[in-house]
file model_7.pdb (PDB, C-alpha atoms and all ligand atoms)
ATOM      1  CA  MET C   1     -22.018   0.276  -3.879
ATOM      2  CA  GLY C   2     -21.731   3.176  -1.459
ATOM      3  CA  ARG C   3     -19.567   1.588   1.218
ATOM      4  CA  LEU C   4     -17.439   4.756   1.269
ATOM      5  CA  SER C   5     -20.064   7.317   0.341
ATOM      6  CA  GLU C   6     -19.440  10.798   1.741
ATOM      7  CA  LYS C   7     -15.790   9.908   2.419
ATOM      8  CA  VAL C   8     -12.644  11.525   1.056
ATOM      9  CA  ALA C   9      -9.722   9.136   0.649
ATOM     10  CA  ILE C  10      -6.068   9.869   0.026
ATOM     11  CA  VAL C  11      -4.331   7.015  -1.758
ATOM     12  CA  ALA C  12      -0.546   7.474  -1.617
ATOM     13  CA  GLY C  13       1.062   5.506  -4.434
ATOM     14  CA  ALA C  14      -2.120   5.455  -6.517
ATOM     15  CA  GLY C  15      -0.369   4.707  -9.782
ATOM     16  CA  SER C  16       1.343   1.635 -11.107
ATOM     17  CA  ILE C  17       5.037   1.263 -11.810
ATOM     18  CA  ALA C  18       4.230  -0.482 -15.105
ATOM     19  CA  GLU C  19       1.194  -1.366 -17.186
ATOM     20  CA  GLY C  20      -1.462  -3.293 -15.302
ATOM     21  CA  TRP C  21      -3.091  -3.170 -11.888
ATOM     22  CA  SER C  22      -0.974  -2.287  -8.892
ATOM     23  CA  ASN C  23      -2.350  -2.403  -5.365
ATOM     24  CA  GLY C  24      -2.764   1.364  -5.130
ATOM     25  CA  LYS C  25      -4.388   1.756  -8.539
ATOM     26  CA  ALA C  26      -6.919  -1.028  -7.902
ATOM     27  CA  THR C  27      -7.689   0.337  -4.427
ATOM     28  CA  ALA C  28      -8.194   3.888  -5.691
ATOM     29  CA  VAL C  29     -10.592   2.645  -8.384
ATOM     30  CA  LEU C  30     -12.465   0.437  -5.912
ATOM     31  CA  PHE C  31     -12.725   3.278  -3.387
ATOM     32  CA  ALA C  32     -14.292   5.472  -6.071
ATOM     33  CA  ARG C  33     -16.702   2.706  -7.131
ATOM     34  CA  GLU C  34     -17.825   2.612  -3.505
ATOM     35  CA  GLY C  35     -18.562   6.335  -3.476
ATOM     36  CA  ALA C  36     -15.345   7.881  -2.137
ATOM     37  CA  ARG C  37     -13.885  11.051  -3.546
ATOM     38  CA  VAL C  38     -10.317   9.968  -4.206
ATOM     39  CA  PHE C  39      -7.182  12.094  -3.942
ATOM     40  CA  ALA C  40      -4.750  10.023  -6.017
ATOM     41  CA  VAL C  41      -1.183  10.797  -5.004
ATOM     42  CA  ASP C  42       1.926   9.589  -6.765
ATOM     43  CA  ARG C  43       5.513  10.676  -7.366
ATOM     44  CA  ASN C  44       4.836   9.912 -11.017
ATOM     45  CA  ILE C  45       2.026  12.259 -12.086
ATOM     46  CA  SER C  46       1.314  10.346 -15.303
ATOM     47  CA  ALA C  47       0.646   7.235 -13.234
ATOM     48  CA  ALA C  48      -1.707   9.174 -10.931
ATOM     49  CA  ASN C  49      -3.403  10.756 -13.949
ATOM     50  CA  GLU C  50      -4.025   7.335 -15.445
ATOM     51  CA  THR C  51      -5.785   6.203 -12.268
ATOM     52  CA  ARG C  52      -7.770   9.458 -12.182
ATOM     53  CA  ASP C  53      -8.844   8.981 -15.805
ATOM     54  CA  ILE C  54     -10.050   5.423 -15.129
ATOM     55  CA  ILE C  55     -12.092   6.665 -12.162
ATOM     56  CA  ARG C  56     -13.589   9.565 -14.107
ATOM     57  CA  SER C  57     -14.385   7.296 -17.065
ATOM     58  CA  GLU C  58     -16.488   5.224 -14.655
ATOM     59  CA  GLY C  59     -18.279   8.337 -13.388
ATOM     60  CA  GLY C  60     -16.292   8.591 -10.153
ATOM     61  CA  GLU C  61     -14.650  11.574  -8.476
ATOM     62  CA  CYS C  62     -10.862  11.827  -8.372
ATOM     63  CA  THR C  63      -8.091  14.420  -8.301
ATOM     64  CA  ALA C  64      -4.502  13.495  -9.154
ATOM     65  CA  HIS C  65      -1.640  15.105  -7.280
ATOM     66  CA  GLN C  66       2.124  14.786  -7.657
ATOM     67  CA  CYS C  67       4.026  14.229  -4.417
ATOM     68  CA  ASP C  68       7.057  12.320  -3.206
ATOM     69  CA  VAL C  69       5.714  11.094   0.125
ATOM     70  CA  SER C  70       9.215  10.671   1.532
ATOM     71  CA  VAL C  71       9.674  14.482   1.531
ATOM     72  CA  ALA C  72       8.010  16.309   4.441
ATOM     73  CA  THR C  73       7.354  19.608   2.646
ATOM     74  CA  GLU C  74       5.725  17.789  -0.280
ATOM     75  CA  VAL C  75       3.539  15.774   2.093
ATOM     76  CA  GLU C  76       2.350  18.909   3.917
ATOM     77  CA  ALA C  77       1.560  20.560   0.566
ATOM     78  CA  MET C  78      -0.269  17.426  -0.611
ATOM     79  CA  VAL C  79      -2.536  17.369   2.450
ATOM     80  CA  ASP C  80      -3.242  21.098   2.078
ATOM     81  CA  ALA C  81      -4.122  20.498  -1.591
ATOM     82  CA  CYS C  82      -6.531  17.692  -0.676
ATOM     83  CA  LEU C  83      -8.225  19.918   1.895
ATOM     84  CA  THR C  84      -8.491  22.734  -0.629
ATOM     85  CA  VAL C  85     -10.188  20.455  -3.160
ATOM     86  CA  TYR C  86     -12.347  18.282  -0.891
ATOM     87  CA  GLY C  87     -12.352  20.000   2.534
ATOM     88  CA  ARG C  88     -11.878  16.846   4.577
ATOM     89  CA  ILE C  89      -9.890  13.600   4.870
ATOM     90  CA  ASP C  90     -11.590  10.441   6.130
ATOM     91  CA  VAL C  91      -9.283   7.717   4.808
ATOM     92  CA  LEU C  92      -5.537   7.527   4.247
ATOM     93  CA  PHE C  93      -4.132   4.530   2.391
ATOM     94  CA  ASN C  94      -0.349   4.507   2.567
ATOM     95  CA  ASN C  95       0.605   2.197  -0.262
ATOM     96  CA  VAL C  96       4.066   3.415  -1.262
ATOM     97  CA  GLY C  97       6.845   0.874  -0.897
ATOM     98  CA  MET C  98      10.038  -0.099  -2.672
ATOM     99  CA  GLN C  99      12.134  -3.233  -2.534
ATOM    100  CA  VAL C 100      15.843  -3.973  -2.391
ATOM    101  CA  VAL C 101      16.533  -7.675  -2.592
ATOM    102  CA  GLY C 102      19.329  -9.302  -0.618
ATOM    103  CA  GLY C 103      20.747  -9.909   2.831
ATOM    104  CA  PRO C 104      23.012  -7.718   4.991
ATOM    105  CA  LEU C 105      26.067  -8.573   2.907
ATOM    106  CA  ASP C 106      24.329  -7.570  -0.333
ATOM    107  CA  VAL C 107      22.375  -4.432   0.538
ATOM    108  CA  LYS C 108      24.303  -1.169   0.202
ATOM    109  CA  GLU C 109      24.038   1.260   3.101
ATOM    110  CA  GLU C 110      22.608   4.013   0.917
ATOM    111  CA  ASP C 111      19.959   1.607  -0.403
ATOM    112  CA  TRP C 112      19.056   0.624   3.180
ATOM    113  CA  ASP C 113      18.610   4.285   4.108
ATOM    114  CA  LYS C 114      16.575   5.070   1.001
ATOM    115  CA  LEU C 115      14.286   2.087   1.496
ATOM    116  CA  MET C 116      13.621   2.964   5.145
ATOM    117  CA  THR C 117      12.819   6.534   4.130
ATOM    118  CA  VAL C 118      10.437   5.500   1.347
ATOM    119  CA  ASN C 119       8.782   2.574   3.137
ATOM    120  CA  VAL C 120       8.582   3.782   6.748
ATOM    121  CA  LYS C 121       9.373   7.468   7.154
ATOM    122  CA  SER C 122       6.881   8.344   4.406
ATOM    123  CA  MET C 123       4.078   6.763   6.452
ATOM    124  CA  TYR C 124       5.110   8.695   9.554
ATOM    125  CA  LEU C 125       5.080  11.885   7.463
ATOM    126  CA  THR C 126       1.640  11.303   5.952
ATOM    127  CA  CYS C 127       0.155  10.270   9.307
ATOM    128  CA  ARG C 128       1.688  13.333  10.944
ATOM    129  CA  ALA C 129       0.123  15.572   8.318
ATOM    130  CA  VAL C 130      -3.306  13.889   8.169
ATOM    131  CA  ILE C 131      -4.074  13.012  11.808
ATOM    132  CA  PRO C 132      -4.771  16.614  12.983
ATOM    133  CA  HIS C 133      -7.481  16.908  10.301
ATOM    134  CA  MET C 134      -8.993  13.535  11.181
ATOM    135  CA  LEU C 135      -9.061  14.619  14.834
ATOM    136  CA  ARG C 136     -10.864  17.791  13.816
ATOM    137  CA  LEU C 137     -13.499  15.683  12.031
ATOM    138  CA  GLY C 138     -13.819  13.246  14.930
ATOM    139  CA  GLY C 139     -12.099  10.280  13.312
ATOM    140  CA  GLY C 140     -10.846   8.468  10.272
ATOM    141  CA  SER C 141      -9.247   5.290   9.042
ATOM    142  CA  ILE C 142      -5.580   4.865   8.159
ATOM    143  CA  ILE C 143      -4.444   1.754   6.346
ATOM    144  CA  ASN C 144      -0.764   1.074   5.723
ATOM    145  CA  ASN C 145       0.509  -1.430   3.199
ATOM    146  CA  ALA C 146       2.970  -3.772   4.902
ATOM    147  CA  SER C 147       3.734  -7.311   3.664
ATOM    148  CA  THR C 148       3.903 -10.850   4.978
ATOM    149  CA  ALA C 149       7.666 -10.196   4.790
ATOM    150  CA  GLY C 150       7.066  -8.095   7.915
ATOM    151  CA  ILE C 151       6.193 -11.188   9.953
ATOM    152  CA  ARG C 152       7.893 -14.102   8.146
ATOM    153  CA  PHE C 153      11.062 -14.953   6.251
ATOM    154  CA  THR C 154      10.051 -14.983   2.587
ATOM    155  CA  TYR C 155      13.509 -14.815   0.999
ATOM    156  CA  ALA C 156      16.725 -12.852   1.648
ATOM    157  CA  ASN C 157      15.152  -9.466   1.731
ATOM    158  CA  VAL C 158      16.510  -7.942   4.920
ATOM    159  CA  ALA C 159      15.818  -4.234   4.384
ATOM    160  CA  TYR C 160      12.320  -4.741   2.943
ATOM    161  CA  SER C 161      11.431  -7.239   5.658
ATOM    162  CA  ALA C 162      12.650  -4.934   8.446
ATOM    163  CA  SER C 163      10.761  -1.995   6.934
ATOM    164  CA  LYS C 164       7.493  -3.933   6.716
ATOM    165  CA  GLY C 165       7.853  -5.105  10.328
ATOM    166  CA  ALA C 166       8.235  -1.430  11.198
ATOM    167  CA  VAL C 167       5.076  -0.563   9.225
ATOM    168  CA  LYS C 168       3.160  -3.163  11.258
ATOM    169  CA  GLN C 169       4.290  -1.634  14.550
ATOM    170  CA  LEU C 170       3.811   1.943  13.348
ATOM    171  CA  SER C 171       0.212   1.015  12.528
ATOM    172  CA  GLN C 172      -0.388  -0.670  15.878
ATOM    173  CA  ASN C 173       1.108   2.226  17.822
ATOM    174  CA  ILE C 174      -0.943   4.890  16.050
ATOM    175  CA  GLY C 175      -4.109   2.782  16.194
ATOM    176  CA  VAL C 176      -3.951   2.390  19.962
ATOM    177  CA  GLN C 177      -2.890   5.965  20.647
ATOM    178  CA  TYR C 178      -5.795   7.525  18.751
ATOM    179  CA  ALA C 179      -8.490   4.875  19.274
ATOM    180  CA  ALA C 180     -10.405   6.904  21.852
ATOM    181  CA  ARG C 181     -10.459   9.874  19.483
ATOM    182  CA  GLY C 182     -12.007   7.961  16.598
ATOM    183  CA  ILE C 183      -8.991   7.191  14.436
ATOM    184  CA  ARG C 184      -8.289   3.586  13.511
ATOM    185  CA  CYS C 185      -4.972   2.513  12.048
ATOM    186  CA  ASN C 186      -4.419  -0.944  10.601
ATOM    187  CA  CYS C 187      -2.124  -2.531   8.062
ATOM    188  CA  VAL C 188      -2.603  -5.036   5.300
ATOM    189  CA  MET C 189      -0.029  -7.746   4.729
ATOM    190  CA  PRO C 190      -0.161  -8.985   1.168
ATOM    191  CA  GLY C 191       1.696 -12.151   0.230
ATOM    192  CA  TYR C 192       2.465 -13.131  -3.347
ATOM    193  CA  ILE C 193       0.485 -10.656  -5.412
ATOM    194  CA  ALA C 194       1.019 -10.589  -9.171
ATOM    195  CA  THR C 195       1.374  -6.831  -9.623
ATOM    196  CA  PRO C 196       3.458  -5.437 -12.500
ATOM    197  CA  ARG C 197       6.221  -4.432 -10.050
ATOM    198  CA  ILE C 198       6.824  -8.073  -9.143
ATOM    199  CA  THR C 199       6.277  -9.709 -12.504
ATOM    200  CA  ASP C 200       8.405  -7.109 -14.321
ATOM    201  CA  ARG C 201      11.259  -7.489 -11.829
ATOM    202  CA  LEU C 202      11.296 -11.264 -12.146
ATOM    203  CA  LYS C 203      11.193 -11.016 -15.953
ATOM    204  CA  ARG C 204      13.990  -8.442 -16.014
ATOM    205  CA  SER C 205      16.296 -10.229 -13.584
ATOM    206  CA  ASN C 206      16.319 -13.491 -15.527
ATOM    207  CA  PRO C 207      13.791 -13.889 -18.358
ATOM    208  CA  ALA C 208      14.668 -17.557 -18.918
ATOM    209  CA  ASP C 209      13.877 -18.371 -15.290
ATOM    210  CA  TYR C 210      10.642 -16.355 -15.066
ATOM    211  CA  GLU C 211       8.111 -19.179 -15.502
ATOM    212  CA  ARG C 212       9.913 -21.401 -12.991
ATOM    213  CA  LYS C 213       9.970 -18.619 -10.394
ATOM    214  CA  ILE C 214       6.298 -17.778 -10.852
ATOM    215  CA  ASP C 215       5.455 -21.466 -10.625
ATOM    216  CA  ALA C 216       7.479 -21.820  -7.402
ATOM    217  CA  ARG C 217       5.564 -18.876  -5.939
ATOM    218  CA  ARG C 218       2.232 -20.387  -6.938
ATOM    219  CA  LYS C 219       3.163 -23.685  -5.309
ATOM    220  CA  ALA C 220       4.045 -21.873  -2.079
ATOM    221  CA  VAL C 221       0.433 -20.722  -1.754
ATOM    222  CA  PRO C 222      -1.949 -23.434  -0.491
ATOM    223  CA  SER C 223      -4.507 -22.573  -3.201
ATOM    224  CA  GLY C 224      -1.843 -22.787  -5.902
ATOM    225  CA  GLN C 225      -2.751 -19.269  -7.056
ATOM    226  CA  LEU C 226      -1.087 -15.890  -6.776
ATOM    227  CA  GLY C 227      -3.153 -12.996  -5.490
ATOM    228  CA  SER C 228      -4.165  -9.999  -7.560
ATOM    229  CA  ALA C 229      -4.182  -6.290  -6.749
ATOM    230  CA  TRP C 230      -7.971  -6.603  -6.353
ATOM    231  CA  ASP C 231      -7.546  -9.074  -3.506
ATOM    232  CA  VAL C 232      -5.536  -6.417  -1.698
ATOM    233  CA  ALA C 233      -7.967  -3.649  -2.689
ATOM    234  CA  TYR C 234     -10.992  -5.451  -1.203
ATOM    235  CA  GLY C 235      -9.136  -5.919   2.097
ATOM    236  CA  VAL C 236      -8.201  -2.247   2.193
ATOM    237  CA  LEU C 237     -11.790  -1.275   1.314
ATOM    238  CA  TYR C 238     -13.076  -3.215   4.330
ATOM    239  CA  LEU C 239     -10.596  -1.501   6.654
ATOM    240  CA  ALA C 240     -11.422   1.904   5.160
ATOM    241  CA  SER C 241     -15.177   1.455   5.562
ATOM    242  CA  ASP C 242     -17.234   1.733   8.737
ATOM    243  CA  GLU C 243     -17.928  -2.019   8.467
ATOM    244  CA  SER C 244     -14.575  -2.490  10.231
ATOM    245  CA  LYS C 245     -15.299   0.059  12.981
ATOM    246  CA  PHE C 246     -14.269  -2.441  15.699
ATOM    247  CA  VAL C 247     -11.064  -3.458  13.888
ATOM    248  CA  ASN C 248      -8.090  -1.406  14.988
ATOM    249  CA  ALA C 249      -4.326  -1.602  15.520
ATOM    250  CA  THR C 250      -4.070  -4.941  13.815
ATOM    251  CA  GLU C 251      -3.082  -6.516  10.523
ATOM    252  CA  LEU C 252      -5.028  -8.205   7.759
ATOM    253  CA  VAL C 253      -2.973 -10.917   6.061
ATOM    254  CA  ILE C 254      -3.929 -11.304   2.374
ATOM    255  CA  ASP C 255      -1.857 -14.251   1.217
ATOM    256  CA  GLY C 256      -4.120 -17.189   0.325
ATOM    257  CA  GLY C 257      -3.050 -18.970   3.517
ATOM    258  CA  GLN C 258       0.650 -18.973   2.714
ATOM    259  CA  THR C 259       1.803 -17.574   6.055
ATOM    260  CA  ALA C 260      -0.214 -20.201   7.911
ATOM    261  CA  SER C 261       1.093 -23.026   5.743
ATOM    262  CA  THR C 262       4.178 -25.027   6.593
ATOM    263  CA  THR C 263       4.415 -26.717   3.211
ATOM    264  CA  GLY C 264       5.211 -24.051   0.638
ATOM    265  CA  LYS C 265       8.640 -22.462   0.799
ATOM    266  CA  VAL C 266      10.230 -20.469  -1.992
ATOM    267  CA  TRP C 267      13.150 -18.781  -0.259
ATOM    268  CA  GLU C 268      14.424 -17.069  -3.372
ATOM    269  CA  ASP C 269      13.569 -13.820  -5.083
TER     270      ASP C 269
HETATM  271  N1  LIG R 301       3.018  -6.849  -5.178
HETATM  272  C1  LIG R 301       3.223  -7.626  -4.156
HETATM  273  O1  LIG R 301       3.410  -8.832  -4.288
HETATM  274  C2  LIG R 301       3.261  -7.026  -2.780
HETATM  275  C3  LIG R 301       3.308  -7.892  -1.679
HETATM  276  C4  LIG R 301       3.355  -7.343  -0.412
HETATM  277  C5  LIG R 301       3.325  -5.971  -0.241
HETATM  278  N2  LIG R 301       3.273  -5.165  -1.312
HETATM  279  C6  LIG R 301       3.270  -3.709  -1.070
HETATM  280  O2  LIG R 301       2.274  -3.089  -1.855
HETATM  281  C7  LIG R 301       2.658  -1.746  -2.149
HETATM  282  C8  LIG R 301       2.459  -1.434  -3.606
HETATM  283  O3  LIG R 301       3.066  -2.410  -4.379
HETATM  284  P1  LIG R 301       2.768  -2.548  -5.936
HETATM  285  O4  LIG R 301       3.499  -3.733  -6.402
HETATM  286  O5  LIG R 301       1.318  -2.458  -6.167
HETATM  287  O6  LIG R 301       3.522  -1.194  -6.402
HETATM  288  P2  LIG R 301       3.845  -0.287  -7.627
HETATM  289  O7  LIG R 301       5.296  -0.058  -7.449
HETATM  290  O8  LIG R 301       3.325  -0.754  -8.946
HETATM  291  O9  LIG R 301       3.019   1.033  -7.273
HETATM  292  C9  LIG R 301       3.462   1.934  -6.329
HETATM  293  C10 LIG R 301       3.239   3.351  -6.818
HETATM  294  O10 LIG R 301       3.889   4.176  -5.835
HETATM  295  C11 LIG R 301       4.574   5.216  -6.504
HETATM  296  N3  LIG R 301       5.677   5.692  -5.653
HETATM  297  C12 LIG R 301       6.863   5.077  -5.429
HETATM  298  N4  LIG R 301       7.604   5.817  -4.596
HETATM  299  C13 LIG R 301       6.875   6.913  -4.288
HETATM  300  C14 LIG R 301       7.091   8.044  -3.466
HETATM  301  N5  LIG R 301       8.242   8.203  -2.786
HETATM  302  N6  LIG R 301       6.108   8.971  -3.362
HETATM  303  C15 LIG R 301       4.948   8.828  -4.038
HETATM  304  N7  LIG R 301       4.691   7.779  -4.850
HETATM  305  C16 LIG R 301       5.644   6.837  -4.969
HETATM  306  C17 LIG R 301       5.052   4.625  -7.820
HETATM  307  O11 LIG R 301       5.271   5.644  -8.783
HETATM  308  C18 LIG R 301       3.891   3.687  -8.171
HETATM  309  O12 LIG R 301       2.961   4.331  -9.017
HETATM  310  C19 LIG R 301       4.098  -1.604  -1.656
HETATM  311  O13 LIG R 301       4.109  -0.972  -0.401
HETATM  312  C20 LIG R 301       4.560  -3.042  -1.527
HETATM  313  O14 LIG R 301       5.587  -3.201  -0.587
HETATM  314  C21 LIG R 301       3.244  -5.654  -2.576
END
call {"tool": "encode", "arguments": {"input": "model_7.pdb", "output": "structure tokens", "more": "lines below"}}
Ligand SMILES: NC(=O)c1ccc[n+]([C@@H]2O[C@H](COP(=O)([O-])OP(=O)(O)OC[C@H]3O[C@@H](n4cnc5c(N)ncnc54)[C@H](O)[C@@H]3O)[C@@H](O)[C@H]2O)c1
result
Amino acid sequence: MGRLSEKVAIVAGAGSIAEGWSNGKATAVLFAREGARVFAVDRNISAANETRDIIRSEGGECTAHQCDVSVATEVEAMVDACLTVYGRIDVLFNNVGMQVVGGPLDVKEEDWDKLMTVNVKSMYLTCRAVIPHMLRLGGGSIINNASTAGIRFTYANVAYSASKGAVKQLSQNIGVQYAARGIRCNCVMPGYIATPRITDRLKRSNPADYERKIDARRKAVPSGQLGSAWDVAYGVLYLASDESKFVNATELVIDGGQTASTTGKVWED
């Protein structure tokens, strides 16, 4: 308890696309359990409200705010709103990301552009809006949600993979640039995490094949288990807290050893 006490944390993408625990929702709740005042941001206000209500029901402090983080004016307004409510920003968790499955012959140009805007430009926009306030306070911690797809072939996933590689480098670049002024910027790289976004997509795309696909994913992880949103949340909590004060401009892989393993390959969505 208290690992984030006195801190104000913006969680962008704090809701869940479907029922259950997404990475952003679990992280927002964990942040609050550790004493942070959480500004829960989501394009879908009902999803942000749900996270807020969970936090408040546990006695935590949270404000929900509607914002599409891929739109600059909305991002500026969101940061102003956070400052109005809480007066400071110590932590920014950029969790928003979308996926378009397929290779260069499958992905439509407009989908490529949209994905890059949502997955990469949004993080530039939030960092651009938040960094001046962190500088004013003497520092802060930014954590961006990338993916192991940003460093490895997972399956034909060219736009998502390219965007997550970009998130890794965006994080490194910002982390080094602002290190001497107290701002750290890292990314997390989750592997196979059983969030509703993934399980729902696999169920929808081919319900009859769902169990086989989940099983293939499990077998690709050396432990034989998929990760949960809480596994991601605990990694983000560490990077948000002062315990990681000497960890900067790097990535934390949260994948049960899958990236390091040469045995498990799925190579399909
Ligand atoms: N689940 C996995 O296996 C996995 C693995 C690696 C990386 N990730 C990354 O984790 C992140 C979250 O994934 P999840 O599965 O928990 O997601 P999710 O889709 O359940 O939750 C994301 C939330 O972001 C919100 N959102 C989407 N676009 C937005 C926008 N433009 N502005 C504001 N809010 C927006 C959604 O409404 C939703 O509430 C993503 O960046 C994803 O790439 C997930």
call {"tool": "residues_near_ligand", "arguments": {"input": "model_7.pdb", "ligand": "ligand LIG 301 (chain R)", "cutoff": "8 Å", "atoms": "only C-alpha atoms and all ligand atoms", "output": "JSON list (two decimals) with C-alpha atoms, in the coordinates of the input"}}
result
[["chain", "number", "residue", "atom", "x", "y", "z"],
["C", 12, "ALA", "CA", -0.55, 7.47, -1.62],
["C", 13, "GLY", "CA", 1.06, 5.51, -4.43],
["C", 14, "ALA", "CA", -2.12, 5.46, -6.52],
["C", 15, "GLY", "CA", -0.37, 4.71, -9.78],
["C", 16, "SER", "CA", 1.34, 1.64, -11.11],
["C", 17, "ILE", "CA", 5.04, 1.26, -11.81],
["C", 18, "ALA", "CA", 4.23, -0.48, -15.10],
["C", 21, "TRP", "CA", -3.09, -3.17, -11.89],
["C", 22, "SER", "CA", -0.97, -2.29, -8.89],
["C", 23, "ASN", "CA", -2.35, -2.40, -5.36],
["C", 24, "GLY", "CA", -2.76, 1.36, -5.13],
["C", 25, "LYS", "CA", -4.39, 1.76, -8.54],
["C", 41, "VAL", "CA", -1.18, 10.80, -5.00],
["C", 42, "ASP", "CA", 1.93, 9.59, -6.76],
["C", 43, "ARG", "CA", 5.51, 10.68, -7.37],
["C", 44, "ASN", "CA", 4.84, 9.91, -11.02],
["C", 47, "ALA", "CA", 0.65, 7.24, -13.23],
["C", 48, "ALA", "CA", -1.71, 9.17, -10.93],
["C", 66, "GLN", "CA", 2.12, 14.79, -7.66],
["C", 67, "CYS", "CA", 4.03, 14.23, -4.42],
["C", 68, "ASP", "CA", 7.06, 12.32, -3.21],
["C", 69, "VAL", "CA", 5.71, 11.09, 0.12],
["C", 70, "SER", "CA", 9.22, 10.67, 1.53],
["C", 71, "VAL", "CA", 9.67, 14.48, 1.53],
["C", 94, "ASN", "CA", -0.35, 4.51, 2.57],
["C", 95, "ASN", "CA", 0.60, 2.20, -0.26],
["C", 96, "VAL", "CA", 4.07, 3.42, -1.26],
["C", 97, "GLY", "CA", 6.84, 0.87, -0.90],
["C", 98, "MET", "CA", 10.04, -0.10, -2.67],
["C", 99, "GLN", "CA", 12.13, -3.23, -2.53],
["C", 118, "VAL", "CA", 10.44, 5.50, 1.35],
["C", 119, "ASN", "CA", 8.78, 2.57, 3.14],
["C", 122, "SER", "CA", 6.88, 8.34, 4.41],
["C", 145, "ASN", "CA", 0.51, -1.43, 3.20],
["C", 146, "ALA", "CA", 2.97, -3.77, 4.90],
["C", 147, "SER", "CA", 3.73, -7.31, 3.66],
["C", 148, "THR", "CA", 3.90, -10.85, 4.98],
["C", 149, "ALA", "CA", 7.67, -10.20, 4.79],
["C", 160, "TYR", "CA", 12.32, -4.74, 2.94],
["C", 164, "LYS", "CA", 7.49, -3.93, 6.72],
["C", 189, "MET", "CA", -0.03, -7.75, 4.73],
["C", 190, "PRO", "CA", -0.16, -8.98, 1.17],
["C", 191, "GLY", "CA", 1.70, -12.15, 0.23],
["C", 192, "TYR", "CA", 2.46, -13.13, -3.35],
["C", 193, "ILE", "CA", 0.48, -10.66, -5.41],
["C", 194, "ALA", "CA", 1.02, -10.59, -9.17],
["C", 195, "THR", "CA", 1.37, -6.83, -9.62],
["C", 196, "PRO", "CA", 3.46, -5.44, -12.50],
["C", 197, "ARG", "CA", 6.22, -4.43, -10.05],
["C", 198, "ILE", "CA", 6.82, -8.07, -9.14],
["C", 227, "GLY", "CA", -3.15, -13.00, -5.49],
["C", 229, "ALA", "CA", -4.18, -6.29, -6.75]]
call {"tool": "resolve_selection", "arguments": {"input": "model_7.pdb", "expression": "the PyMOL selection byres (((chain C and resi 159) around 12) and not hetatm)", "output": "JSON, numbers by chain"}}
result
{"C": [97, 98, 99, 100, 101, 102, 103, 104, 105, 106, 107, 108, 109, 110, 111, 112, 113, 114, 115, 116, 117, 118, 119, 120, 149, 150, 153, 155, 156, 157, 158, 160, 161, 162, 163, 164, 165, 166]}
call {"tool": "closest_residue", "arguments": {"input": "model_7.pdb", "among": "C:Val75, C:Met1, C:Cys185, C:Val167", "to": "Val91 of chain C", "atoms": "only C-alpha atoms"}}
result
C:Cys185
call {"tool": "resolve_selection", "arguments": {"input": "model_7.pdb", "expression": "the PyMOL selection byres (((chain C and resi 247-254) around 7) and not hetatm)", "output": "VMD selection string"}}
result
chain C and resid 148 171 to 172 175 to 176 184 to 191 232 244 to 246 255 to 256
call {"tool": "write_last_selection", "arguments": {"input": "model_7.pdb", "atoms": "C-alpha atoms", "output": "CSV table (one decimal), in the coordinates of the input"}}
result
chain,number,residue,atom,x,y,z
C,148,THR,CA,3.9,-10.8,5.0
C,171,SER,CA,0.2,1.0,12.5
C,172,GLN,CA,-0.4,-0.7,15.9
C,175,GLY,CA,-4.1,2.8,16.2
C,176,VAL,CA,-4.0,2.4,20.0
C,184,ARG,CA,-8.3,3.6,13.5
C,185,CYS,CA,-5.0,2.5,12.0
C,186,ASN,CA,-4.4,-0.9,10.6
C,187,CYS,CA,-2.1,-2.5,8.1
C,188,VAL,CA,-2.6,-5.0,5.3
C,189,MET,CA,0.0,-7.7,4.7
C,190,PRO,CA,-0.2,-9.0,1.2
C,191,GLY,CA,1.7,-12.2,0.2
C,232,VAL,CA,-5.5,-6.4,-1.7
C,244,SER,CA,-14.6,-2.5,10.2
C,245,LYS,CA,-15.3,0.1,13.0
C,246,PHE,CA,-14.3,-2.4,15.7
C,255,ASP,CA,-1.9,-14.3,1.2
C,256,GLY,CA,-4.1,-17.2,0.3
call {"tool": "closest_atom_pairs", "arguments": {"input": "model_7.pdb", "of": "segment 28-83 of chain C", "to": "segment 124-137 of chain C", "cutoff": "7 Å", "atoms": "only C-alpha atoms", "output": "Markdown table"}}
result
| residue | atom | partner | partner_atom | distance |
| --- | --- | --- | --- | --- |
| C:Ala72 | CA | C:Leu125 | CA | 6.1 |
| C:Val75 | CA | C:Thr126 | CA | 6.2 |
| C:Glu76 | CA | C:Ala129 | CA | 6.0 |
| C:Val79 | CA | C:Ala129 | CA | 6.7 |
call {"tool": "closest_residue", "arguments": {"input": "model_7.pdb", "among": "C:Ser57, C:Ser141, C:Ser46, C:Thr63", "to": "Arg181 of chain C", "atoms": "all atoms listed in the file"}}
result
C:Ser141
call {"tool": "atom_distance", "arguments": {"input": "model_7.pdb", "atom1": "atom CA of Ala77 of chain C", "atom2": "atom CA of Ile10 of chain C"}}
result
13.1 Å
call {"tool": "residues_near_point", "arguments": {"input": "model_7.pdb", "point": "(-21.5, 4.3, 8.3)", "cutoff": "12 Å", "atoms": "all atoms listed in the file", "output": "list in words"}}
result
Gly2, Arg3, Leu4, Ser5, Glu6, Lys7, Asp90, Gly140, Tyr238, Ala240, Ser241, Asp242, Glu243, Ser244 and Lys245 of chain C
call {"tool": "atom_distance", "arguments": {"input": "model_7.pdb", "atom1": "atom CA of Met123 of chain C", "atom2": "atom CA of Ala32 of chain C"}}
result
22.3 Å
call {"tool": "closest_residue", "arguments": {"input": "model_7.pdb", "among": "C:Lys203, C:His65, C:Arg217, C:Lys121", "to": "Leu170 of chain C", "atoms": "all atoms listed in the file"}}
result
C:Lys121
call {"tool": "atom_distance", "arguments": {"input": "model_7.pdb", "atom1": "atom CA of Gln177 of chain C", "atom2": "atom CA of Leu30 of chain C"}}
result
28.8 Å
